[in-house]
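File shown here: final16.cif, holding mmCIF, C-alpha atoms.
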```cif
data_structure
#
loop_
_atom_site.label_atom_id
_atom_site.label_comp_id
_atom_site.auth_asym_id
_atom_site.auth_seq_id
_atom_site.Cartn_x
_atom_site.Cartn_y
_atom_site.Cartn_z
CA MET A 1 -17.89 9.45 -24.62
CA PHE A 2 -20.96 9.44 -22.44
CA ARG A 3 -23.39 6.79 -21.37
CA LEU A 4 -26.82 7.06 -19.82
CA THR A 5 -26.78 5.36 -16.45
CA ASN A 6 -30.48 4.71 -16.11
CA ASN A 7 -30.78 2.74 -19.31
CA LEU A 8 -31.21 -0.28 -17.07
CA LYS A 9 -34.35 1.12 -15.65
CA ASN A 10 -35.95 -1.97 -14.27
CA LEU A 11 -32.71 -3.04 -12.60
CA THR A 12 -31.26 0.07 -11.00
CA LEU A 13 -32.30 0.84 -7.46
CA SER A 14 -33.73 4.28 -8.09
CA ILE A 15 -36.13 4.60 -10.95
CA GLU A 16 -35.89 8.09 -12.35
CA GLU A 17 -37.23 9.59 -15.52
CA LEU A 18 -34.76 10.59 -18.21
CA SER A 19 -34.06 14.25 -17.66
CA ALA A 20 -32.58 16.80 -20.01
CA ASN A 21 -29.93 17.93 -17.54
CA TYR A 22 -26.85 15.84 -17.40
CA THR A 23 -27.35 14.22 -14.01
CA ASN A 24 -27.75 10.77 -15.54
CA LEU A 25 -24.66 10.90 -17.72
CA GLN A 26 -21.55 9.01 -16.84
CA THR A 27 -18.23 9.53 -18.58
CA VAL A 28 -16.62 6.51 -20.22
CA ARG A 29 -12.86 6.79 -20.51
CA TRP A 30 -11.83 3.59 -22.21
CA GLN A 31 -13.16 4.12 -25.71
CA ARG A 32 -10.48 5.83 -27.74
CA LYS A 33 -11.83 5.37 -31.24
CA PRO A 34 -15.50 5.14 -32.22
CA ARG A 35 -16.47 1.91 -34.01
CA TRP A 36 -17.66 3.71 -37.14
CA LEU A 37 -14.28 5.21 -38.02
CA PRO A 38 -12.48 3.39 -40.86
CA VAL A 39 -9.25 1.44 -40.44
CA ALA A 40 -6.26 3.75 -40.06
CA LYS A 41 -4.35 4.37 -43.28
CA SER A 42 -1.16 2.96 -41.86
CA LYS A 43 -2.92 -0.27 -40.91
CA VAL A 44 -4.94 -0.88 -44.10
CA PHE A 45 -2.49 -3.27 -45.72
CA ARG A 46 -1.28 -4.89 -42.53
CA ILE A 47 -2.11 -8.58 -42.42
CA PRO A 48 -1.67 -10.00 -38.93
CA LYS A 49 0.19 -13.28 -38.95
CA LYS A 50 -1.95 -16.21 -37.94
CA PRO A 51 -0.46 -18.46 -35.32
CA GLU A 52 0.37 -21.88 -36.73
CA THR A 53 -0.41 -25.01 -34.83
CA PRO A 54 1.06 -28.29 -36.02
CA GLN A 55 -1.24 -31.22 -36.82
CA GLU A 56 -0.11 -33.22 -33.80
CA ASP A 57 -0.83 -30.25 -31.54
CA ASN A 58 -4.30 -29.94 -33.01
CA LEU A 59 -5.01 -33.59 -32.29
CA GLU A 60 -3.67 -33.21 -28.76
CA LEU A 61 -5.78 -30.08 -28.29
CA GLN A 62 -8.86 -31.93 -29.48
CA ARG A 63 -8.23 -34.65 -26.95
CA LEU A 64 -7.59 -32.11 -24.19
CA PHE A 65 -10.74 -30.17 -25.05
CA ASN A 66 -12.83 -33.36 -24.98
CA ASN A 67 -11.44 -34.21 -21.56
CA TYR A 68 -11.89 -30.65 -20.35
CA ARG A 69 -15.50 -30.46 -21.44
CA THR A 70 -16.27 -33.77 -19.76
CA GLN A 71 -14.63 -32.68 -16.52
CA ILE A 72 -16.38 -29.31 -16.55
CA LYS A 73 -19.70 -31.00 -17.22
CA SER A 74 -19.29 -33.24 -14.20
CA LEU A 75 -18.11 -30.28 -12.07
CA ARG A 76 -21.12 -28.25 -13.10
CA ARG A 77 -23.41 -31.13 -12.29
CA HIS A 78 -21.78 -31.45 -8.87
CA PHE A 79 -22.22 -27.73 -8.16
CA PHE A 80 -25.79 -27.93 -9.45
CA TYR A 81 -26.76 -30.65 -7.01
CA LYS A 82 -24.95 -28.93 -4.18
CA HIS A 83 -25.90 -25.29 -4.65
CA HIS A 84 -28.97 -24.99 -6.84
CA ILE A 85 -31.88 -23.21 -5.23
CA GLN A 86 -34.32 -26.07 -5.80
CA PHE A 87 -32.20 -28.41 -3.68
CA LEU A 88 -31.73 -26.05 -0.77
CA ALA A 89 -33.29 -27.49 2.37
CA SER A 90 -36.34 -25.58 3.49
CA GLU A 91 -35.38 -23.72 6.62
CA ASP A 92 -37.19 -24.44 9.86
CA PRO A 93 -36.67 -21.27 11.95
CA GLU A 94 -36.74 -23.20 15.25
CA GLN A 95 -34.13 -25.68 14.00
CA GLN A 96 -32.04 -22.83 12.59
CA ARG A 97 -32.15 -21.05 15.94
CA ILE A 98 -31.04 -24.20 17.80
CA ILE A 99 -28.16 -24.72 15.35
CA PHE A 100 -27.17 -21.09 15.68
CA GLU A 101 -27.23 -21.19 19.48
CA LYS A 102 -25.21 -24.40 19.59
CA ASP A 103 -22.63 -22.88 17.29
CA LEU A 104 -22.55 -19.68 19.33
CA ASP A 105 -22.04 -21.70 22.51
CA ARG A 106 -19.17 -23.63 20.96
CA CYS A 107 -17.58 -20.42 19.66
CA ASN A 108 -17.96 -18.78 23.07
CA LYS A 109 -16.23 -21.67 24.77
CA ILE A 110 -13.31 -21.48 22.35
CA ASN A 111 -13.20 -17.74 22.81
CA ASP A 112 -13.18 -18.02 26.61
CA LYS A 113 -10.37 -20.55 26.45
CA TRP A 114 -8.32 -18.28 24.22
CA ASN A 115 -9.08 -15.32 26.44
CA ALA A 116 -7.83 -17.22 29.51
CA GLU A 117 -4.61 -18.14 27.72
CA GLN A 118 -4.17 -14.59 26.57
CA LYS A 119 -4.86 -13.25 30.07
CA VAL A 120 -1.93 -15.22 31.51
CA LEU A 121 0.33 -14.03 28.75
CA ARG A 122 -0.89 -10.45 29.04
CA GLU A 123 -0.37 -10.30 32.80
CA LYS A 124 3.09 -11.76 32.48
CA ARG A 125 3.94 -9.23 29.83
CA ALA A 126 2.51 -6.38 31.90
CA GLN A 127 4.56 -7.50 34.90
CA GLU A 128 7.71 -7.64 32.80
CA ASN A 129 6.99 -4.22 31.35
CA LEU A 130 6.42 -2.81 34.83
CA GLU A 131 9.76 -4.25 35.98
CA VAL A 132 11.53 -2.74 33.02
CA GLU A 133 9.92 0.63 33.60
CA LEU A 134 10.76 0.60 37.31
CA GLU A 135 14.36 -0.26 36.51
CA PHE A 136 14.46 2.56 34.03
CA ALA A 137 13.01 4.99 36.57
CA ARG A 138 15.54 3.88 39.22
CA LYS A 139 18.40 4.42 36.82
CA ARG A 140 17.06 7.85 35.96
CA ILE A 141 16.82 8.79 39.64
CA GLU A 142 20.43 7.68 40.15
CA VAL A 143 21.63 9.73 37.20
CA GLU A 144 19.62 12.71 38.41
CA ASN A 145 21.13 12.43 41.92
CA ILE A 146 24.65 12.37 40.52
CA LYS A 147 23.83 15.39 38.41
CA ARG A 148 22.49 17.31 41.40
CA GLU A 149 25.53 16.39 43.50
CA GLU A 150 27.85 17.69 40.81
CA HIS A 151 25.85 20.88 40.50
CA LYS A 152 25.98 21.38 44.29
CA GLN A 153 29.74 20.91 44.33
CA LYS A 154 30.20 23.37 41.50
CA THR A 155 28.10 26.01 43.23
CA GLU A 156 29.95 25.50 46.52
CA GLU A 157 33.29 25.92 44.79
CA TYR A 158 32.03 29.09 43.16
CA VAL A 159 30.81 30.46 46.49
CA LYS A 160 34.17 29.69 48.12
CA LYS A 161 36.01 31.44 45.33
CA VAL A 162 33.77 34.51 45.57
CA LYS A 163 34.21 34.60 49.36
CA GLU A 164 37.95 34.47 48.93
CA GLU A 165 37.75 37.37 46.53
CA SER A 166 35.41 39.38 48.71
CA LYS A 167 38.09 39.88 51.39
CA GLU A 168 39.70 42.55 49.24
CA PHE A 169 36.46 44.38 48.56
CA ILE A 170 36.19 48.03 49.61
CA THR A 171 33.54 48.38 52.30
CA ALA A 172 32.23 51.33 54.38
CA GLU A 173 34.77 50.55 57.14
CA ASN A 174 37.93 50.57 55.10
CA ILE A 175 36.98 53.14 52.50
CA ASP A 176 39.07 55.95 54.06
CA LYS A 177 42.13 53.73 54.11
CA ALA A 178 41.57 52.71 50.52
CA ILE A 179 41.19 56.37 49.46
CA GLU A 180 44.39 57.25 51.29
CA ILE A 181 46.30 54.47 49.60
CA ALA A 182 44.91 55.49 46.24
CA LEU A 183 45.86 59.13 46.75
CA ASN A 184 49.37 58.21 47.92
CA ASN A 185 49.99 55.92 44.99
CA PRO A 186 48.81 57.67 41.83
CA VAL A 187 49.03 55.46 38.81
CA ASP A 188 49.68 56.96 35.43
CA TYR A 189 48.55 54.90 32.52
CA ASN A 190 49.37 57.60 30.11
CA TYR A 191 52.70 56.31 28.86
CA ALA A 192 54.29 55.60 25.50
CA LEU A 193 55.92 52.39 24.39
CA THR A 194 59.22 52.12 22.56
CA PRO A 195 59.58 49.38 19.96
CA SER A 196 61.63 47.35 22.48
CA GLY A 197 58.82 47.51 25.02
CA GLU A 198 60.14 50.16 27.41
CA LYS A 199 57.59 52.38 29.01
CA ILE A 200 58.19 56.14 28.79
CA PHE A 201 56.22 57.95 31.46
CA GLY A 202 55.62 61.69 31.76
CA ARG A 203 53.87 64.36 29.80
CA GLU A 204 56.53 67.11 29.68
CA ASN A 205 59.41 65.20 28.10
CA ASN A 206 58.45 65.72 24.46
CA GLU A 207 61.44 66.51 22.24
CA PHE A 208 59.31 68.53 19.87
CA GLU A 209 57.66 71.63 21.05
CA VAL A 210 53.94 71.48 21.14
CA LYS A 211 52.77 73.68 18.32
CA GLU A 212 50.08 76.07 19.15
CA LYS A 213 46.78 75.07 17.73
CA ILE A 214 45.67 77.35 14.94
CA SER A 215 42.01 77.72 14.71
CA VAL A 216 40.78 76.89 11.23
CA LYS A 217 37.86 79.17 11.58
CA GLN A 218 40.07 82.21 11.64
CA MET B 1 -27.01 7.37 -9.83
CA LEU B 2 -23.93 5.17 -10.07
CA SER B 3 -24.33 1.52 -9.27
CA PRO B 4 -21.72 -0.03 -6.97
CA ALA B 5 -18.92 -2.08 -8.54
CA SER B 6 -19.67 -4.84 -6.05
CA GLY B 7 -22.96 -5.38 -7.82
CA THR B 8 -26.61 -4.53 -7.53
CA GLY B 9 -27.79 -8.07 -6.83
CA GLN B 10 -30.68 -7.56 -9.23
CA PHE B 11 -31.36 -9.84 -12.19
CA PHE B 12 -34.05 -11.62 -14.14
CA THR B 13 -34.51 -15.15 -12.84
CA LYS B 14 -34.55 -16.85 -16.22
CA SER B 15 -31.86 -14.81 -17.97
CA VAL B 16 -28.50 -16.30 -18.97
CA LYS B 17 -25.78 -15.50 -16.43
CA ILE B 18 -22.05 -15.48 -17.09
CA ILE B 19 -18.94 -15.12 -14.98
CA ARG B 20 -16.56 -12.83 -16.83
CA PHE B 21 -14.09 -9.97 -16.59
CA VAL B 22 -14.96 -6.28 -16.40
CA ARG B 23 -12.07 -4.03 -17.30
CA GLN B 24 -11.60 -1.45 -14.59
CA GLY B 25 -8.38 0.56 -14.24
CA CYS B 26 -7.59 3.17 -16.88
CA THR B 27 -5.52 3.75 -20.00
CA ASN B 28 -2.33 1.64 -19.95
CA ARG B 29 -3.24 0.24 -16.54
CA PRO B 30 -5.60 -2.73 -16.87
CA PHE B 31 -7.36 -4.08 -13.83
CA PHE B 32 -10.16 -6.59 -13.94
CA HIS B 33 -13.12 -7.34 -11.77
CA ILE B 34 -14.41 -10.90 -11.98
CA VAL B 35 -18.18 -10.57 -11.92
CA VAL B 36 -21.33 -12.52 -12.51
CA THR B 37 -23.71 -10.68 -14.78
CA GLU B 38 -26.40 -11.23 -17.36
CA LYS B 39 -24.88 -12.25 -20.65
CA ARG B 40 -26.79 -9.71 -22.72
CA ARG B 41 -25.64 -6.75 -20.62
CA ASP B 42 -22.62 -4.91 -21.93
CA GLN B 43 -19.32 -4.78 -20.11
CA PHE B 44 -19.84 -1.63 -18.09
CA MET B 45 -23.46 -2.05 -17.13
CA PRO B 46 -24.27 -2.71 -13.47
CA VAL B 47 -23.33 -6.27 -12.52
CA ILE B 48 -25.17 -8.77 -10.34
CA GLU B 49 -22.27 -9.50 -8.06
CA GLN B 50 -18.49 -9.15 -7.95
CA LEU B 51 -16.73 -12.46 -7.39
CA GLY B 52 -13.10 -11.39 -7.41
CA THR B 53 -10.35 -9.26 -8.91
CA TYR B 54 -7.44 -9.84 -11.26
CA ASP B 55 -4.44 -7.56 -11.60
CA PRO B 56 -2.63 -8.53 -14.82
CA MET B 57 0.34 -6.22 -14.20
CA PRO B 58 3.06 -7.88 -12.10
CA ASN B 59 3.83 -6.09 -8.84
CA GLN B 60 7.28 -5.49 -7.35
CA HIS B 61 7.56 -9.17 -6.36
CA ASN B 62 6.67 -10.20 -9.93
CA GLU B 63 3.26 -11.48 -8.90
CA LYS B 64 -0.06 -11.11 -10.67
CA LEU B 65 -2.57 -10.89 -7.88
CA VAL B 66 -5.93 -12.65 -8.09
CA SER B 67 -8.70 -12.83 -5.55
CA LEU B 68 -11.64 -15.18 -5.92
CA ASN B 69 -14.73 -15.71 -3.82
CA TYR B 70 -14.97 -19.50 -4.29
CA GLU B 71 -18.14 -19.85 -2.23
CA ARG B 72 -20.09 -17.47 -4.44
CA ILE B 73 -18.51 -18.82 -7.63
CA ARG B 74 -19.66 -22.32 -6.68
CA HIS B 75 -23.11 -20.96 -5.92
CA TRP B 76 -23.42 -19.16 -9.26
CA ILE B 77 -22.08 -22.07 -11.31
CA GLY B 78 -24.48 -24.32 -9.45
CA ASN B 79 -27.26 -21.95 -10.44
CA GLY B 80 -26.42 -22.18 -14.10
CA ALA B 81 -23.93 -19.37 -14.73
CA THR B 82 -21.49 -20.08 -17.57
CA VAL B 83 -17.84 -19.01 -17.44
CA SER B 84 -16.02 -17.03 -20.12
CA GLN B 85 -12.82 -18.49 -21.54
CA PRO B 86 -10.28 -16.07 -19.98
CA VAL B 87 -11.90 -16.62 -16.59
CA GLU B 88 -11.87 -20.39 -17.22
CA GLN B 89 -8.11 -20.14 -17.82
CA LEU B 90 -7.71 -18.21 -14.58
CA PHE B 91 -9.80 -20.78 -12.68
CA GLY B 92 -7.65 -23.50 -14.19
CA MET B 93 -4.49 -21.77 -13.00
CA SER B 94 -5.94 -21.33 -9.52
CA GLY B 95 -6.81 -25.04 -9.29
CA PHE B 96 -10.54 -24.50 -9.12
CA PHE B 97 -11.13 -25.97 -12.59
CA PRO B 98 -8.98 -28.36 -14.62
CA ILE B 99 -6.28 -26.57 -16.62
CA HIS B 100 -7.79 -25.09 -19.77
CA PRO B 101 -6.43 -26.54 -23.07
CA THR B 102 -5.59 -23.05 -24.36
CA SER B 103 -3.26 -22.61 -21.39
CA TYR B 104 -1.41 -25.72 -22.57
CA LEU B 105 -1.33 -24.30 -26.10
CA ALA B 106 0.15 -21.03 -24.87
CA ALA B 107 2.76 -22.97 -22.90
CA TRP B 108 3.71 -25.04 -25.95
CA ARG B 109 4.10 -21.92 -28.05
CA ASN B 110 6.22 -20.20 -25.43
CA ARG B 111 8.43 -23.26 -25.11
CA ARG B 112 8.86 -23.44 -28.87
CA VAL B 113 9.93 -19.79 -28.99
CA LEU B 114 12.45 -20.40 -26.21
CA GLN B 115 13.83 -23.47 -28.00
CA GLU B 116 14.22 -21.54 -31.24
CA GLU B 117 16.04 -18.77 -29.42
CA ALA B 118 18.37 -21.28 -27.78
CA LEU B 119 19.08 -22.88 -31.16
CA LYS B 120 19.82 -19.48 -32.65
CA GLU B 121 22.21 -18.64 -29.87
CA ALA B 122 24.01 -21.96 -30.27
CA GLU B 123 24.36 -21.37 -34.00
CA ASP B 124 25.69 -17.86 -33.44
CA LYS B 125 28.24 -19.23 -31.00
CA SER B 126 29.42 -21.93 -33.39
CA LYS B 127 29.73 -19.33 -36.15
CA ASP B 128 31.83 -17.12 -33.91
CA LYS B 129 34.09 -20.04 -33.08
CA THR B 130 34.64 -20.93 -36.77
CA VAL B 131 35.43 -17.31 -37.56
#
```
Represent the structure of the file as structure tokens.
Amino acid sequence: MFRLTNNLKNLTLSIEELSANYTNLQTVRWQRKPRWLPVAKSKVFRIPKKPETPQEDNLELQRLFNNYRTQIKSLRRHFFYKHHIQFLASEDPEQQRIIFEKDLDRCNKINDKWNAEQKVLREKRAQENLEVELEFARKRIEVENIKREEHKQKTEEYVKKVKEESKEFITAENIDKAIEIALNNPVDYNYALTPSGEKIFGRENNEFEVKEKISVKQ
Amino acid sequence: MLSPASGTGQFFTKSVKIIRFVRQGCTNRPFFHIVVTEKRRDQFMPVIEQLGTYDPMPNQHNEKLVSLNYERIRHWIGNGATVSQPVEQLFGMSGFFPIHPTSYLAAWRNRRVLQEEALKEAEDKSKDKTV
């Protein structure tokens, strides 16, 4: 369903001519069934039940409506005398300006007072926040110092340990001695183990003769 | 050129004005603007001024939210705008107008339904006991 938007020509802000392109069309989404379609077949013989109101209720309603109308009438009259254009006081610009300035002055005073109150509160809060932050920073420094101390200790221990170990290192001075010791004490790692864990050293004590290798290529 | 939902502020001085609902929202989700407009304009034509909103679907706190611009409503009623019945009911509920008689009627009907249901329940209980 579409609707032309400039059908209210003398009221809309921009007065445009009706154009053939669809710039003035606006989609309407809430009309499901056009008015000219007949009643649905399933609803043709449906008679909606009318709500029943007892006689006493009707009388009471009549009374209420009479009261209501009277009250509304007086309300409307009140609003009329208070807000209708013809009763609005003609505005004297000078008077209006004086009223405005007075009001502004009053508002400024209130504002200044509030600002002063807020300033005290704000400064107090800022001071407290600063204290808290300083305390936090101090604690952090303490923790950091402890951490560094621990790290220093660890590194010192490590250095000590390495120094201890470095006494046995082979250097240019004692290399000949080390070579001599190594040559005098040959170590053979080429041993076999029995199931009970005994080590059997030596290469020539094989029970079985070593078969000569037969080349596959031949 | 779409006109704003808050109103164009343009009207004929001597035309009849009315404060009424405009259904915004979409299918299965009603939402109403309370507007002042010329009576002869149809629902979705540009309005003079929006005076409030009404959300008939209860929110998560089971509230139906209404907002009303009392200052402007007073002004428009003072300048001769009439008020449609549903809006009158709403004004009655908000304490701006006296309670509308149809609100009382609805309350009576609801109470009657509740009473009938209570009676039915009582009867069912007594039947169960006798059986």
Spatial neighbours of B:Gln50, 8 Å, only C-alpha atoms, chain gap at least 5 places, as a PDB file with C-alpha atoms, keeping the file's coordinate frame:
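This went into result-v5.pdb:
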```
ATOM      1  CA  ALA B   5     -18.920  -2.080  -8.540  1.00  0.00           C
ATOM      2  CA  SER B   6     -19.670  -4.840  -6.050  1.00  0.00           C
ATOM      3  CA  GLY B   7     -22.960  -5.380  -7.820  1.00  0.00           C
ATOM      4  CA  HIS B  33     -13.120  -7.340 -11.770  1.00  0.00           C
ATOM      5  CA  ILE B  34     -14.410 -10.900 -11.980  1.00  0.00           C
ATOM      6  CA  VAL B  35     -18.180 -10.570 -11.920  1.00  0.00           C
ATOM      7  CA  VAL B  36     -21.330 -12.520 -12.510  1.00  0.00           C
TER       8      VAL B  36
END
```
Quiz prompt | Residue IDs satisfying the PyMOL selection byres ((chain B) within 8 of (chain A)), as a list in words | solution = Met1, Leu2, Ser3, Thr8, Gln10, Phe11, Cys26, Thr27, Met45, Pro46, Arg74, His75, Ile77, Gly78, Asn79, Gly80, Phe97, Pro98, Ile99, His100, Pro101 and Leu105 of chain B
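Once all atoms listed in the file are considered, the residues situated within 12 Å of the file point (-1.4, -10.9, -6.5) turn out to be Phe31, Gly52, Thr53, Tyr54, Asp55, Pro56, Met57, Pro58, Asn59, Gln60, His61, Asn62, Glu63, Lys64, Leu65, Val66, Ser67, Leu68 and Ser94 of chain B.
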Quiz item: Quick one: distance from atom CA of B:Lys17 to atom CA of B:Arg41 in Å, one decimal?
Solution: 9.7 Å
